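Asks: Structure file entry.pdb (PDB, C-alpha atoms) is given on the next line.
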ATOM      1  CA  MET A 970       0.000   0.000   0.000  1.00  0.00           C
ATOM      2  CA  SER A 971       1.106   3.522  -0.612  1.00  0.00           C
ATOM      3  CA  ASP A 972       1.689   5.934   2.235  1.00  0.00           C
ATOM      4  CA  ASP A 973      -1.403   7.896   1.155  1.00  0.00           C
ATOM      5  CA  ALA A 974      -3.607   4.793   1.361  1.00  0.00           C
ATOM      6  CA  GLN A 975      -2.426   4.059   4.902  1.00  0.00           C
ATOM      7  CA  ARG A 976      -2.574   7.653   6.106  1.00  0.00           C
ATOM      8  CA  THR A 977      -5.188   8.704   8.607  1.00  0.00           C
ATOM      9  CA  ASP A 978      -5.724  12.095  10.138  1.00  0.00           C
ATOM     10  CA  ARG A 979      -6.532  12.225  13.846  1.00  0.00           C
ATOM     11  CA  LEU A 980      -8.914  14.990  14.819  1.00  0.00           C
ATOM     12  CA  ASP A 981     -11.563  15.712  17.419  1.00  0.00           C
ATOM     13  CA  GLY A 982     -15.269  14.955  17.082  1.00  0.00           C
ATOM     14  CA  ASN A 983     -16.020  18.248  15.360  1.00  0.00           C
ATOM     15  CA  ALA A 984     -14.535  16.696  12.205  1.00  0.00           C
ATOM     16  CA  VAL A 985     -17.631  14.520  11.751  1.00  0.00           C
ATOM     17  CA  ALA A 986     -20.235  16.959  13.078  1.00  0.00           C
ATOM     18  CA  GLY A 987     -21.682  17.684   9.642  1.00  0.00           C
ATOM     19  CA  ALA A 988     -22.048  14.060   8.591  1.00  0.00           C
ATOM     20  CA  LEU A 989     -23.432  12.929  11.956  1.00  0.00           C
ATOM     21  CA  GLY A 990     -25.763  15.909  12.126  1.00  0.00           C
ATOM     22  CA  ALA A 991     -27.169  15.034   8.716  1.00  0.00           C
ATOM     23  CA  ALA A 992     -27.595  11.375   9.678  1.00  0.00           C
ATOM     24  CA  TYR A 993     -29.088  11.934  13.154  1.00  0.00           C
ATOM     25  CA  GLY A 994     -30.975  15.138  12.373  1.00  0.00           C
ATOM     26  CA  ILE A 995     -29.489  16.984  15.365  1.00  0.00           C
ATOM     27  CA  ASP A 996     -26.624  19.371  16.034  1.00  0.00           C
ATOM     28  CA  VAL A 997     -24.027  16.933  17.346  1.00  0.00           C
ATOM     29  CA  THR A 998     -21.381  19.480  18.268  1.00  0.00           C
ATOM     30  CA  LEU A 999     -22.679  19.450  21.859  1.00  0.00           C
ATOM     31  CA  ALA A1000     -24.370  16.037  21.748  1.00  0.00           C
ATOM     32  CA  VAL A1001     -23.314  13.540  24.411  1.00  0.00           C
ATOM     33  CA  VAL A1002     -22.288   9.966  23.596  1.00  0.00           C
ATOM     34  CA  ARG A1003     -21.878   6.996  25.961  1.00  0.00           C
ATOM     35  CA  CYS A1004     -19.232   4.302  25.357  1.00  0.00           C
ATOM     36  CA  VAL A1005     -20.450   0.704  25.630  1.00  0.00           C
ATOM     37  CA  SER A1006     -16.965  -0.553  26.549  1.00  0.00           C
ATOM     38  CA  CYS A1007     -16.085   1.672  29.500  1.00  0.00           C
ATOM     39  CA  GLY A1008     -19.254   3.656  30.249  1.00  0.00           C
ATOM     40  CA  HIS A1009     -17.521   6.995  29.659  1.00  0.00           C
ATOM     41  CA  THR A1010     -19.869   9.811  28.623  1.00  0.00           C
ATOM     42  CA  ASP A1011     -18.661  12.968  26.942  1.00  0.00           C
ATOM     43  CA  VAL A1012     -19.587  15.435  24.232  1.00  0.00           C
ATOM     44  CA  VAL A1013     -18.970  14.226  20.692  1.00  0.00           C
ATOM     45  CA  ALA A1014     -16.521  17.100  20.188  1.00  0.00           C
ATOM     46  CA  ARG A1015     -14.111  15.468  22.668  1.00  0.00           C
ATOM     47  CA  THR A1016     -14.016  12.088  20.949  1.00  0.00           C
ATOM     48  CA  ARG A1017     -11.054  11.066  18.804  1.00  0.00           C
ATOM     49  CA  VAL A1018     -11.713  10.868  15.080  1.00  0.00           C
ATOM     50  CA  HIS A1019      -9.531   9.034  12.576  1.00  0.00           C
ATOM     51  CA  LEU A1020     -10.229  10.186   9.020  1.00  0.00           C
ATOM     52  CA  SER A1021      -9.197   8.230   5.967  1.00  0.00           C
ATOM     53  CA  PRO A1022     -10.296   8.181   2.335  1.00  0.00           C
ATOM     54  CA  MET A1023     -12.679   5.334   3.252  1.00  0.00           C
ATOM     55  CA  GLY A1024     -14.492   7.233   6.011  1.00  0.00           C
ATOM     56  CA  ALA A1025     -14.268   8.247   9.638  1.00  0.00           C
ATOM     57  CA  VAL A1026     -13.898   6.216  12.815  1.00  0.00           C
ATOM     58  CA  VAL A1027     -14.996   7.928  16.030  1.00  0.00           C
ATOM     59  CA  ARG A1028     -13.266   6.553  19.141  1.00  0.00           C
ATOM     60  CA  CYS A1029     -13.842   6.951  22.861  1.00  0.00           C
ATOM     61  CA  ALA A1030     -11.518   9.530  24.430  1.00  0.00           C
ATOM     62  CA  ALA A1031     -11.189   7.383  27.564  1.00  0.00           C
ATOM     63  CA  CYS A1032     -10.601   3.834  26.265  1.00  0.00           C
ATOM     64  CA  ASP A1033     -10.131   4.264  22.476  1.00  0.00           C
ATOM     65  CA  ALA A1034     -13.002   1.858  21.663  1.00  0.00           C
ATOM     66  CA  VAL A1035     -14.781   2.398  18.335  1.00  0.00           C
ATOM     67  CA  LEU A1036     -17.981   4.360  18.984  1.00  0.00           C
ATOM     68  CA  VAL A1037     -19.194   5.270  15.511  1.00  0.00           C
ATOM     69  CA  VAL A1038     -18.156   4.627  11.910  1.00  0.00           C
ATOM     70  CA  VAL A1039     -19.218   7.131   9.235  1.00  0.00           C
ATOM     71  CA  VAL A1040     -19.003   6.536   5.489  1.00  0.00           C
ATOM     72  CA  GLU A1041     -20.227   9.189   3.067  1.00  0.00           C
ATOM     73  CA  ARG A1042     -21.378   7.709  -0.242  1.00  0.00           C
ATOM     74  CA  PRO A1043     -23.021   9.173  -3.324  1.00  0.00           C
ATOM     75  CA  ASP A1044     -26.343   7.641  -2.263  1.00  0.00           C
ATOM     76  CA  GLY A1045     -26.189   8.892   1.336  1.00  0.00           C
ATOM     77  CA  THR A1046     -24.306   8.752   4.609  1.00  0.00           C
ATOM     78  CA  LEU A1047     -23.912   5.400   6.353  1.00  0.00           C
ATOM     79  CA  VAL A1048     -23.537   5.486  10.133  1.00  0.00           C
ATOM     80  CA  SER A1049     -22.842   2.471  12.325  1.00  0.00           C
ATOM     81  CA  SER A1050     -22.718   2.917  16.100  1.00  0.00           C
ATOM     82  CA  PRO A1051     -21.347  -0.373  17.449  1.00  0.00           C
ATOM     83  CA  GLY A1052     -19.749   1.138  20.541  1.00  0.00           C
ATOM     84  CA  ALA A1053     -22.199   3.900  21.435  1.00  0.00           C
ATOM     85  CA  SER A1054     -24.979   2.845  23.775  1.00  0.00           C
ATOM     86  CA  TRP A1055     -26.668   6.180  23.089  1.00  0.00           C
ATOM     87  CA  VAL A1056     -26.219   9.648  21.617  1.00  0.00           C
ATOM     88  CA  ARG A1057     -28.195  12.484  23.221  1.00  0.00           C
ATOM     89  CA  GLY A1058     -28.643  15.811  21.425  1.00  0.00           C
TER      90      GLY A1058
END
Can you present the structure in this file as structure tokens?

Replies:
Amino acid sequence: MSDDAQRTDRLDGNAVAGALGAAYGIDVTLAVVRCVSCGHTDVVARTRVHLSPMGAVVRCAACDAVLVVVVERPDGTLVSSPGASWVRG
């Protein structure tokens, strides 16, 4: 693989606010998310986001578990929340 294909950018949760807001229908910049793995709750803006050409992975700031995966496609935004027990707007 090329370096570009393996590259990810690590940002905070604001990086996916637009995509998550469109998918959930709420302003997620101040939304609170709860981690299934460790029970940590925090605002989405404080999560860790890994961006790649394939999409975004949102991770818990406390334990680094995967909370949400976001993939933007031509036919819409796909959101999977395997590690988030809830998101409150």

Asks: So which residues touch stretch 1031-1033 of chain A within 10 Å, counting only C-alpha atoms, skipping near sequence neighbours fewer than 6 positions away, as a list in words?

Replies: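 Using only C-alpha atoms, the neighbours found are Cys1004, Ser1006, Cys1007, Gly1008, His1009, Thr1010, Asp1011, Arg1015, Thr1016 and Arg1017 of chain A.
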
Asks: Name every residue that the PyMOL selection byres ((chain A and resi 1049) around 9) selects in this structure, writing the answer as a PyMOL selection string with chains first and numbers rising.

Replies: chain A and resi 1036-1040+1047-1048+1050-1052

Asks: So, counting all atoms listed in the file, which residue among A:Val1035, A:Gly987, A:Asp996, A:Gly982 is closest to A:Val1012?

Replies: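 Checking each of A:Val1035, A:Gly987, A:Asp996, A:Gly982 against A:Val1012, counting all atoms listed in the file, the winner is A:Gly982.
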
Asks: Padding 4 Å on every side, please: axis-aligned box over the listed atoms of stretch 978-991 of chain A, centre and edge lengths to one decimal in Å, as AutoDock Vina command-line options.

Replies:
--center_x -16.4 --center_y 15.2 --center_z 13.0 --size_x 29.4 --size_y 14.2 --size_z 16.8

Asks: May I ask for the distance between atom CA of A:Ala1034 and atom CA of A:Val1005, given in Å to one decimal place?

Replies: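 Spanning atom CA of A:Ala1034 to atom CA of A:Val1005 is a straight-line distance of 8.5 Å.
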
Asks: Quick one: residues within 12 Å of A:Gly990, only C-alpha atoms, excluding same-chain residues fewer than 6 positions away - as a list in words?

Replies: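 After dropping sequence-adjacent residues, the list is Gly982, Asn983, Ala984, Asp996, Val997, Thr998, Leu999, Ala1000, Val1013, Val1039, Thr1046, Val1048, Val1056, Arg1057 and Gly1058 of chain A.
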
Asks: Identify all residues satisfying the PyMOL selection byres ((chain A and resi 1020) around 8) in the given file; provide them as a ChimeraX atom specification.

Replies: /A:977-980,1018-1019,1021-1026

Asks: Suppose we keep C-alpha atoms; can you now write the selection as an mmCIF file, keeping the file's coordinate frame?

Replies:
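Output file again.cif follows:
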data_model
loop_
_atom_site.group_PDB
_atom_site.id
_atom_site.type_symbol
_atom_site.label_atom_id
_atom_site.label_comp_id
_atom_site.auth_asym_id
_atom_site.auth_seq_id
_atom_site.Cartn_x
_atom_site.Cartn_y
_atom_site.Cartn_z
ATOM 1 C CA THR A 977 -5.188 8.704 8.607
ATOM 2 C CA ASP A 978 -5.724 12.095 10.138
ATOM 3 C CA ARG A 979 -6.532 12.225 13.846
ATOM 4 C CA LEU A 980 -8.914 14.990 14.819
ATOM 5 C CA VAL A 1018 -11.713 10.868 15.080
ATOM 6 C CA HIS A 1019 -9.531 9.034 12.576
ATOM 7 C CA SER A 1021 -9.197 8.230 5.967
ATOM 8 C CA PRO A 1022 -10.296 8.181 2.335
ATOM 9 C CA MET A 1023 -12.679 5.334 3.252
ATOM 10 C CA GLY A 1024 -14.492 7.233 6.011
ATOM 11 C CA ALA A 1025 -14.268 8.247 9.638
ATOM 12 C CA VAL A 1026 -13.898 6.216 12.815
#

Asks: Measuring atom to atom with all atoms listed in the file, identify which of A:Arg1028, A:Asp1044, A:Ser1054, A:Ala1014 is nearest to A:Ala986.

Replies: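 Ranking A:Arg1028, A:Asp1044, A:Ser1054, A:Ala1014 by distance to A:Ala986, first place goes to A:Ala1014.
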
Asks: Rank nothing, just name the residue among A:Cys1029, A:Asp981, A:Leu989, A:Pro1043 nearest to A:Val1002, using all atoms listed in the file.

Replies: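 Smallest distance to A:Val1002 is found for A:Cys1029.
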